[in-house]
Amino acid sequence: MDKEFLDILLAKGALIWEDYQNIQVPGRTLYTNARQLLDLVYTKGVDTCGLFLAALKLALPEAQAVGLSFSESCSNLQENDECQSTSNQTLLAQRPSLVHKLQGCVDGVLAALLDSGHFSSADCDEVRLPIYTPTQQARRLLDHVRSRGDLAASVLLQYIHQKQEPGLPLNQRELTPPKEFLKYQKKLSSSVSAQACFLSTYAGTSHMSLDDIYTDGQLELAEVNAHGPLGLEDIVGLVGIVNEEADTVLVSGEAGSGKSTLLQRLHLLWARGVALQDFLLLFPFSCRRLNSEHNELSVQELLFQHCCWPDRNQEEIFQFILDHPHQILFTFDGLDELKQSFTDEHRVCCPTQRAPVHVLLFNLIQGSLMKGVQKVVTSRSEAVSPLLKKHLRKEVVLKGFSPTGIDSFVRKHHRDPTVAAKVLESMQANTALLGLCHSPVLCWIVSQCHKELLGCGEGSPKTITDVYLMILQHFLQHQSPLKSTMGLGWLQEHLKTVLLLGQLAFEGITSTCYIFSGTDLEACGVTEKDICMVFLIKSKDMSSTHSKCYEFSHVTLQCFFAALFIVLSSNTNRSVIPKLFELENRETGLTRVCFTACLPSSDQQQQASEKESKAAETPNLQITAMFVSGLLSQRHQNLWLHCCPSAAVEKKARQVARCLSKGIQKHFRSIPQPVQGEKKSMHAMPDFVWLIKCLYEMQESRIAKDAMSKLEVDHLKLTYCNIGPVECTALAYVLQHLRNPVGLQLDNNSVGDVGVEQLLPCMHICNSLYLRNNNITDEGIRKLIAKVIQCDSFQKIALFNNKLTDACMQDFSYLLKTKQVFISLRLGNNNITAEGAKQLAEGLKANQTLAYLGLWGNRIGDAGTEALASSLERSNSLVWLSLVGNGVGSAGACALANLIRKSTSLQELWLTENCITRTGVECLIQALKHNTHVTSVWLRNNDLSLEDAEEMKQLESRLIF
């Protein structure tokens, strides 16, 4: 039930307050409330029904109000308005607008009412309960004021009037923070700056200035087409808001995409006073460190103990925070690494009430606690549940580096421009490696290991496992600088350290532990010498300042060491690998139970590991499984010759091959039978892309061929699957083994130009390719067209919502001239002008198979339309043409009329959202008299009056206005 609609009814006297309360029963379904409202209004008579219809007309969008009869109800409203006189009546009459005006200044009104004696502190607290949204607080305030009489209402109205000065928004009040608050602000800024000034992720012990190395990643809204690329401050800005009542922004992205570094950059810019200056305080939290907080805390204790402790006047400072929530920012890094899964079952509303830290966090995210405080949360996208998403203000996706970002990062990492140029040249020569480097963590590894990279020749890394083996060799051999870097003995020399760190990583992954105490290290036998290998770094654990804690320099490195342990250790039994790849047990925790049972641990440890559901379990186990697949590839088995029995490694490799084949077959069995007359289609299930990546890591074409030989579908759909260049490489490696041509749909991913290049090896098996909204430019298109021209099966391409310009139209023209059979070309919502359309027209003249041409949302205009129409006049195949939203005028319409007159195949013509006048439509009508094949010409939203449209419709029924 729309509360604004009820506010109007209450204001106009159609309802009394008791009616209003009875209709708004919590927990009752909306349609039940609606029926009760209709019954109630009906019993109140004709006048009330008139008021109801008038309110409905005000509340309904114009499109929904069509067909409803409102008669004289509007005059009833006007008459009703003339009766309002007292301040209390004004509150009732103007309630809808007052609710809007009061948002953001409730505190000021309460202070005025408190000073005037009309409200007590208890009244103020009741209105300000954190569980209420700003609109709910405004409504409760109005309800309380009305119950206190006309004088209280006058105070509220006077406050509103005084605040409505020119240029002064209602929600801005003059702030004069107390001196102690300002001192605390300075101390917090200094603390945040100190923690943020050096790169804290995947950098080992080296001190890299964030200013020197930080490179922007690709930030986009999860809601497609809502906005272009985003800047850092857009994360907490107004762009892309989908739920105005929510306070939490989610920054999602794959492991290694740079989420933690992005937050760190935001922290540093705030601390320096150059960004986010709407926020007086910023409190940064790490979820992996919150895991180690076992005490119950209040919000005040959480802020001050885990971020920065005020020297004095803690209560006064905290009260200021409570009084000005809209000027406070919380950030929580790594929600997917929290031990507990998100839930909204346990509600906490009081900021002084103690609760487990994860309960406080979940209540902060959903707004039960500290309503109005902005929160930014990072997480891997696969760990974000639908339950959490309903509490989000918006979601921003971080998609790693763009090609220019890779270039910038490498040049910042290497101050010697000669070295940087050589590294970039090596990347460009290996497109698989270039695709990997879109992940910032992998780009850092490749840059860090540039000597190994430049010396490996044809053995340059191709897989993620290759890159991590390179960083392993790099750091291990740094401990033996005088020894030769040649040969395979480098791993055997440090095998004990690798196994000890591997056991620590493995036990951590299976118990959602990412920060290790001295006791944890001692239990696994990890010594100071092992720590010096720099895979472990000191953790900034604020809750245990008296003891050293350690963490792996990146969570993916912890997964890599866990995989090494699985491959090399003799302390794991045969069930570990099957359980690692067993999809159906992900949500039950059986994987974790099995793993713990396979380790030499005590009953106490086993019970502790089984205690809670772990949100991070699945993503990190999947990364670990991917590394296991790569490590057990035939390409790397020489590494293990002197480290463990060959028979054991081969047995584990066979296990992985069986698991992957079984997992793929499970997906294939889930494909439903097609509806009669339709193609058989498969939409990838969540784990399909992961299994494909595991197959690629193994680099065993036989396994990929066996897996794909059993897939019989006409259309493979992988939309919204976080497909980037890395995933494209894996897909091409596997899909090239399909037996029959398939349509490949990759809409709404992050393929980009590098991803397009990675897909080329499987183009021979694609008959259609859909790449909507993938940040593809002219450069990627040139390479794609050069390949698909050689592929006999390729017949359709859809590239709308990308970054194509006139520069690639010559390539499409060549495609149309060269391909003997090409059916569909859809290039909507790009940057094509009349010049590009003229180039495309040259190819259309030579093509006699194209049936569908979509160019909506470009800037083709009349000149481009005339060129296209002329080139298509001799086509006997064109069925559908869309030029929606292209600035087409009457000259273009007249050119299309000639096309209609001569075409023997055209059925649908879309010209919506253009500027065609009556003259152009008359030309179309005359042409349609000579063509019975055309079924519809769409002309909505052109330069026609309603009268013209109605007249034209009568003359030609196939025109749709």
# chains A, B, ... in the order shown; residues from 1 in each chain; ligands from 1
>>> residues_around(residues="region 932-939 of chain A", least_positions_apart="4", cutoff="6 Å", atoms="only C-alpha atoms", output="NGL selection string")
:A and (906-912 or 958-961)
>>> write_last_selection(atoms="N, CA and C atoms", output="PDB file, in the first residue's frame")
ATOM      1  N   LEU A 906      10.705  -7.070 -47.175  1.00  0.00           N
ATOM      2  CA  LEU A 906      10.621  -6.337 -45.906  1.00  0.00           C
ATOM      3  C   LEU A 906       9.258  -6.532 -45.248  1.00  0.00           C
ATOM      4  N   GLN A 907       9.296  -6.818 -43.927  1.00  0.00           N
ATOM      5  CA  GLN A 907       8.056  -7.006 -43.170  1.00  0.00           C
ATOM      6  C   GLN A 907       7.879  -5.990 -42.051  1.00  0.00           C
ATOM      7  N   GLU A 908       8.973  -5.650 -41.360  1.00  0.00           N
ATOM      8  CA  GLU A 908       8.865  -4.708 -40.237  1.00  0.00           C
ATOM      9  C   GLU A 908       9.887  -3.596 -40.392  1.00  0.00           C
ATOM     10  N   LEU A 909       9.421  -2.348 -40.139  1.00  0.00           N
ATOM     11  CA  LEU A 909      10.303  -1.181 -40.175  1.00  0.00           C
ATOM     12  C   LEU A 909      10.089  -0.390 -38.896  1.00  0.00           C
ATOM     13  N   TRP A 910      11.151  -0.205 -38.127  1.00  0.00           N
ATOM     14  CA  TRP A 910      11.058   0.474 -36.829  1.00  0.00           C
ATOM     15  C   TRP A 910      11.677   1.867 -36.938  1.00  0.00           C
ATOM     16  N   LEU A 911      10.840   2.898 -36.735  1.00  0.00           N
ATOM     17  CA  LEU A 911      11.293   4.289 -36.817  1.00  0.00           C
ATOM     18  C   LEU A 911      10.862   5.089 -35.591  1.00  0.00           C
ATOM     19  N   THR A 912      10.650   4.420 -34.491  1.00  0.00           N
ATOM     20  CA  THR A 912      10.269   5.079 -33.240  1.00  0.00           C
ATOM     21  C   THR A 912      11.368   6.041 -32.770  1.00  0.00           C
ATOM     22  N   ARG A 958      -1.402  -0.128 -40.872  1.00  0.00           N
ATOM     23  CA  ARG A 958      -0.116  -0.755 -40.546  1.00  0.00           C
ATOM     24  C   ARG A 958       0.857   0.221 -39.888  1.00  0.00           C
ATOM     25  N   LEU A 959       0.488   1.497 -39.846  1.00  0.00           N
ATOM     26  CA  LEU A 959       1.292   2.477 -39.109  1.00  0.00           C
ATOM     27  C   LEU A 959       0.959   2.375 -37.629  1.00  0.00           C
ATOM     28  N   ILE A 960       1.998   2.285 -36.788  1.00  0.00           N
ATOM     29  CA  ILE A 960       1.780   2.135 -35.343  1.00  0.00           C
ATOM     30  C   ILE A 960       2.357   3.349 -34.636  1.00  0.00           C
ATOM     31  N   PHE A 961       1.435   4.131 -33.997  1.00  0.00           N
ATOM     32  CA  PHE A 961       1.834   5.361 -33.318  1.00  0.00           C
ATOM     33  C   PHE A 961       1.798   5.168 -31.802  1.00  0.00           C
TER      34      PHE A 961
END
>>> residues_around(residues="Arg128 (chain A)", least_positions_apart="6", cutoff="10 Å", atoms="only C-alpha atoms", output="list of chain:residue names")
A:Val106, A:Asp107, A:Leu110, A:Ala122, A:Pro134, A:Gln136, A:Gln137, A:Ala138, A:Arg140, A:Leu141, A:Leu322, A:Asp323, A:Lys371
>>> residues_around(residues="region 193-195 of chain A", least_positions_apart="5", cutoff="10 Å", atoms="only C-alpha atoms", output="compact mmCIF listing (two decimals) with N, CA, C and O atoms, in the first residue's frame")
# COMPACT_ATOMS: atom_id res chain seq x y z
N LYS A 187 42.56 12.87 14.69
CA LYS A 187 43.26 11.64 15.09
C LYS A 187 42.86 10.48 14.19
O LYS A 187 43.72 9.69 13.75
N LEU A 188 41.55 10.37 13.91
CA LEU A 188 41.08 9.29 13.03
C LEU A 188 41.66 9.45 11.63
O LEU A 188 42.11 8.46 11.02
N SER A 200 48.66 -2.42 0.71
CA SER A 200 48.61 -3.44 1.76
C SER A 200 48.25 -4.82 1.24
O SER A 200 48.25 -5.79 1.97
N GLN A 264 41.10 1.14 -0.02
CA GLN A 264 42.26 1.78 0.59
C GLN A 264 42.51 3.15 -0.04
O GLN A 264 42.85 4.11 0.66
N ARG A 265 42.33 3.24 -1.34
CA ARG A 265 42.50 4.53 -2.02
C ARG A 265 41.45 5.54 -1.56
O ARG A 265 41.76 6.71 -1.31
N HIS A 267 40.00 5.56 1.35
CA HIS A 267 40.37 5.94 2.71
C HIS A 267 41.45 7.03 2.70
O HIS A 267 41.35 8.02 3.43
N LEU A 268 42.44 6.82 1.86
CA LEU A 268 43.56 7.77 1.82
C LEU A 268 43.11 9.14 1.31
O LEU A 268 43.50 10.17 1.87
N LEU A 269 42.27 9.15 0.28
CA LEU A 269 41.79 10.42 -0.26
C LEU A 269 40.92 11.17 0.76
O LEU A 269 40.99 12.39 0.88
N TRP A 270 40.10 10.41 1.52
CA TRP A 270 39.30 11.06 2.58
C TRP A 270 40.21 11.65 3.65
O TRP A 270 40.03 12.79 4.08
N ALA A 271 41.20 10.85 4.09
CA ALA A 271 42.08 11.30 5.17
C ALA A 271 42.85 12.54 4.78
O ALA A 271 43.16 13.39 5.63
N ARG A 272 43.15 12.70 3.51
CA ARG A 272 43.89 13.88 3.04
C ARG A 272 42.98 15.07 2.75
O ARG A 272 43.45 16.15 2.43
N PRO A 284 37.03 2.51 8.81
CA PRO A 284 37.33 1.35 7.96
C PRO A 284 37.40 0.05 8.76
O PRO A 284 38.02 0.00 9.83
N LYS A 540 47.38 -6.47 10.42
CA LYS A 540 47.02 -5.31 11.26
C LYS A 540 45.76 -5.64 12.04
O LYS A 540 44.70 -5.09 11.79
>>> select_by_dssp(residues="region 167-403 of chain A", states="alpha helix (DSSP H)", output="JSON, numbers by chain")
{"A": [179, 180, 181, 182, 183, 184, 185, 186, 187, 188, 189, 190, 191, 192, 193, 194, 195, 196, 210, 211, 212, 213, 259, 260, 261, 262, 263, 264, 265, 266, 267, 268, 269, 270, 271, 287, 288, 289, 290, 299, 300, 301, 302, 303, 304, 305, 306, 314, 315, 316, 317, 318, 319, 320, 321, 322, 323, 357, 358, 359, 360, 361, 362, 363, 364, 365, 366, 386, 387, 388, 389, 403]}
>>> residues_around(residues="Val921 (chain A)", least_positions_apart="6", cutoff="9 Å", atoms="only C-alpha atoms", output="PDB file with C-alpha atoms, in the first residue's frame")
ATOM      1  CA  SER A 890      11.173  13.368 -43.235  1.00  0.00           C
ATOM      2  CA  ALA A 893      11.473   8.677 -44.215  1.00  0.00           C
ATOM      3  CA  CYS A 894      10.934   9.479 -47.889  1.00  0.00           C
ATOM      4  CA  ALA A 897       9.413   4.938 -48.612  1.00  0.00           C
ATOM      5  CA  LEU A 939       6.337   5.597 -35.673  1.00  0.00           C
ATOM      6  CA  MET A 952      -2.678   8.833 -40.488  1.00  0.00           C
ATOM      7  CA  LEU A 959       1.292   2.477 -39.109  1.00  0.00           C
TER       8      LEU A 959
END
>>> residues_around(residues="Val726 (chain A)", least_positions_apart="4", cutoff="9 Å", atoms="only C-alpha atoms", output="PyMOL selection string")
chain A and resi 432-439+463-464+693+730-731+751+755+758
>>> residues_around(residues="Ile328 (chain A)", least_positions_apart="6", cutoff="6 Å", atoms="only C-alpha atoms", output="number ranges by chain")
A: 279-281, 373
>>> residues_around(residues="Gly892 (chain A)", least_positions_apart="3", cutoff="9 Å", atoms="only C-alpha atoms", output="list in words")
Gly861, Asp862, Ala863, Gly864, Thr865, Glu866, Ala869, Val888, Gly889, Ala895, Leu896, Ala897, Ile916 and Gly920 of chain A
>>> write_last_selection(atoms="C-alpha atoms", output="PDB file, in the first residue's frame")
ATOM      1  CA  GLY A 861      20.399  10.972 -39.434  1.00  0.00           C
ATOM      2  CA  ASP A 862      18.814  11.585 -42.817  1.00  0.00           C
ATOM      3  CA  ALA A 863      22.011  11.353 -44.859  1.00  0.00           C
ATOM      4  CA  GLY A 864      22.930   7.952 -43.395  1.00  0.00           C
ATOM      5  CA  THR A 865      19.347   6.711 -43.758  1.00  0.00           C
ATOM      6  CA  GLU A 866      19.228   7.725 -47.429  1.00  0.00           C
ATOM      7  CA  ALA A 869      17.765   2.806 -48.010  1.00  0.00           C
ATOM      8  CA  VAL A 888      15.786  10.435 -38.844  1.00  0.00           C
ATOM      9  CA  GLY A 889      13.623  13.185 -40.340  1.00  0.00           C
ATOM     10  CA  ALA A 895      14.074   7.488 -48.774  1.00  0.00           C
ATOM     11  CA  LEU A 896      12.718   4.547 -46.761  1.00  0.00           C
ATOM     12  CA  ALA A 897       9.413   4.938 -48.612  1.00  0.00           C
ATOM     13  CA  ILE A 916       9.658  12.470 -38.782  1.00  0.00           C
ATOM     14  CA  GLY A 920       7.534  11.919 -44.181  1.00  0.00           C
TER      15      GLY A 920
END
>>> closest_residue(among="A:Cys559, A:Leu92, A:Val274, A:Leu38", to="Cys513 (chain A)", atoms="only C-alpha atoms")
A:Cys559
>>> select_by_dssp(residues="region 665-870 of chain A", states="strand (DSSP E or B)", output="NGL selection string")
:A and (681-683 or 715-717 or 742-745 or 766-770 or 777 or 796-798 or 803 or 805 or 824-826 or 831 or 833 or 852-854 or 859)
>>> atom_distance(atom1="CA of Phe52 (chain A)", atom2="CA of Ala34 (chain A)")
12.4 Å
>>> closest_residue(among="A:Thr343, A:Gln477, A:Gly108, A:Thr90", to="Ser154 (chain A)", atoms="only C-alpha atoms")
A:Thr90
>>> atom_distance(atom1="CA of Pro672 (chain A)", atom2="CA of His764 (chain A)")
25.9 Å
>>> atom_distance(atom1="CA of Leu855 (chain A)", atom2="CA of Phe812 (chain A)")
12.7 Å
>>> closest_residue(among="A:Phe475, A:Phe401, A:Phe565, A:Phe318", to="Cys449 (chain A)", atoms="only C-alpha atoms")
A:Phe475
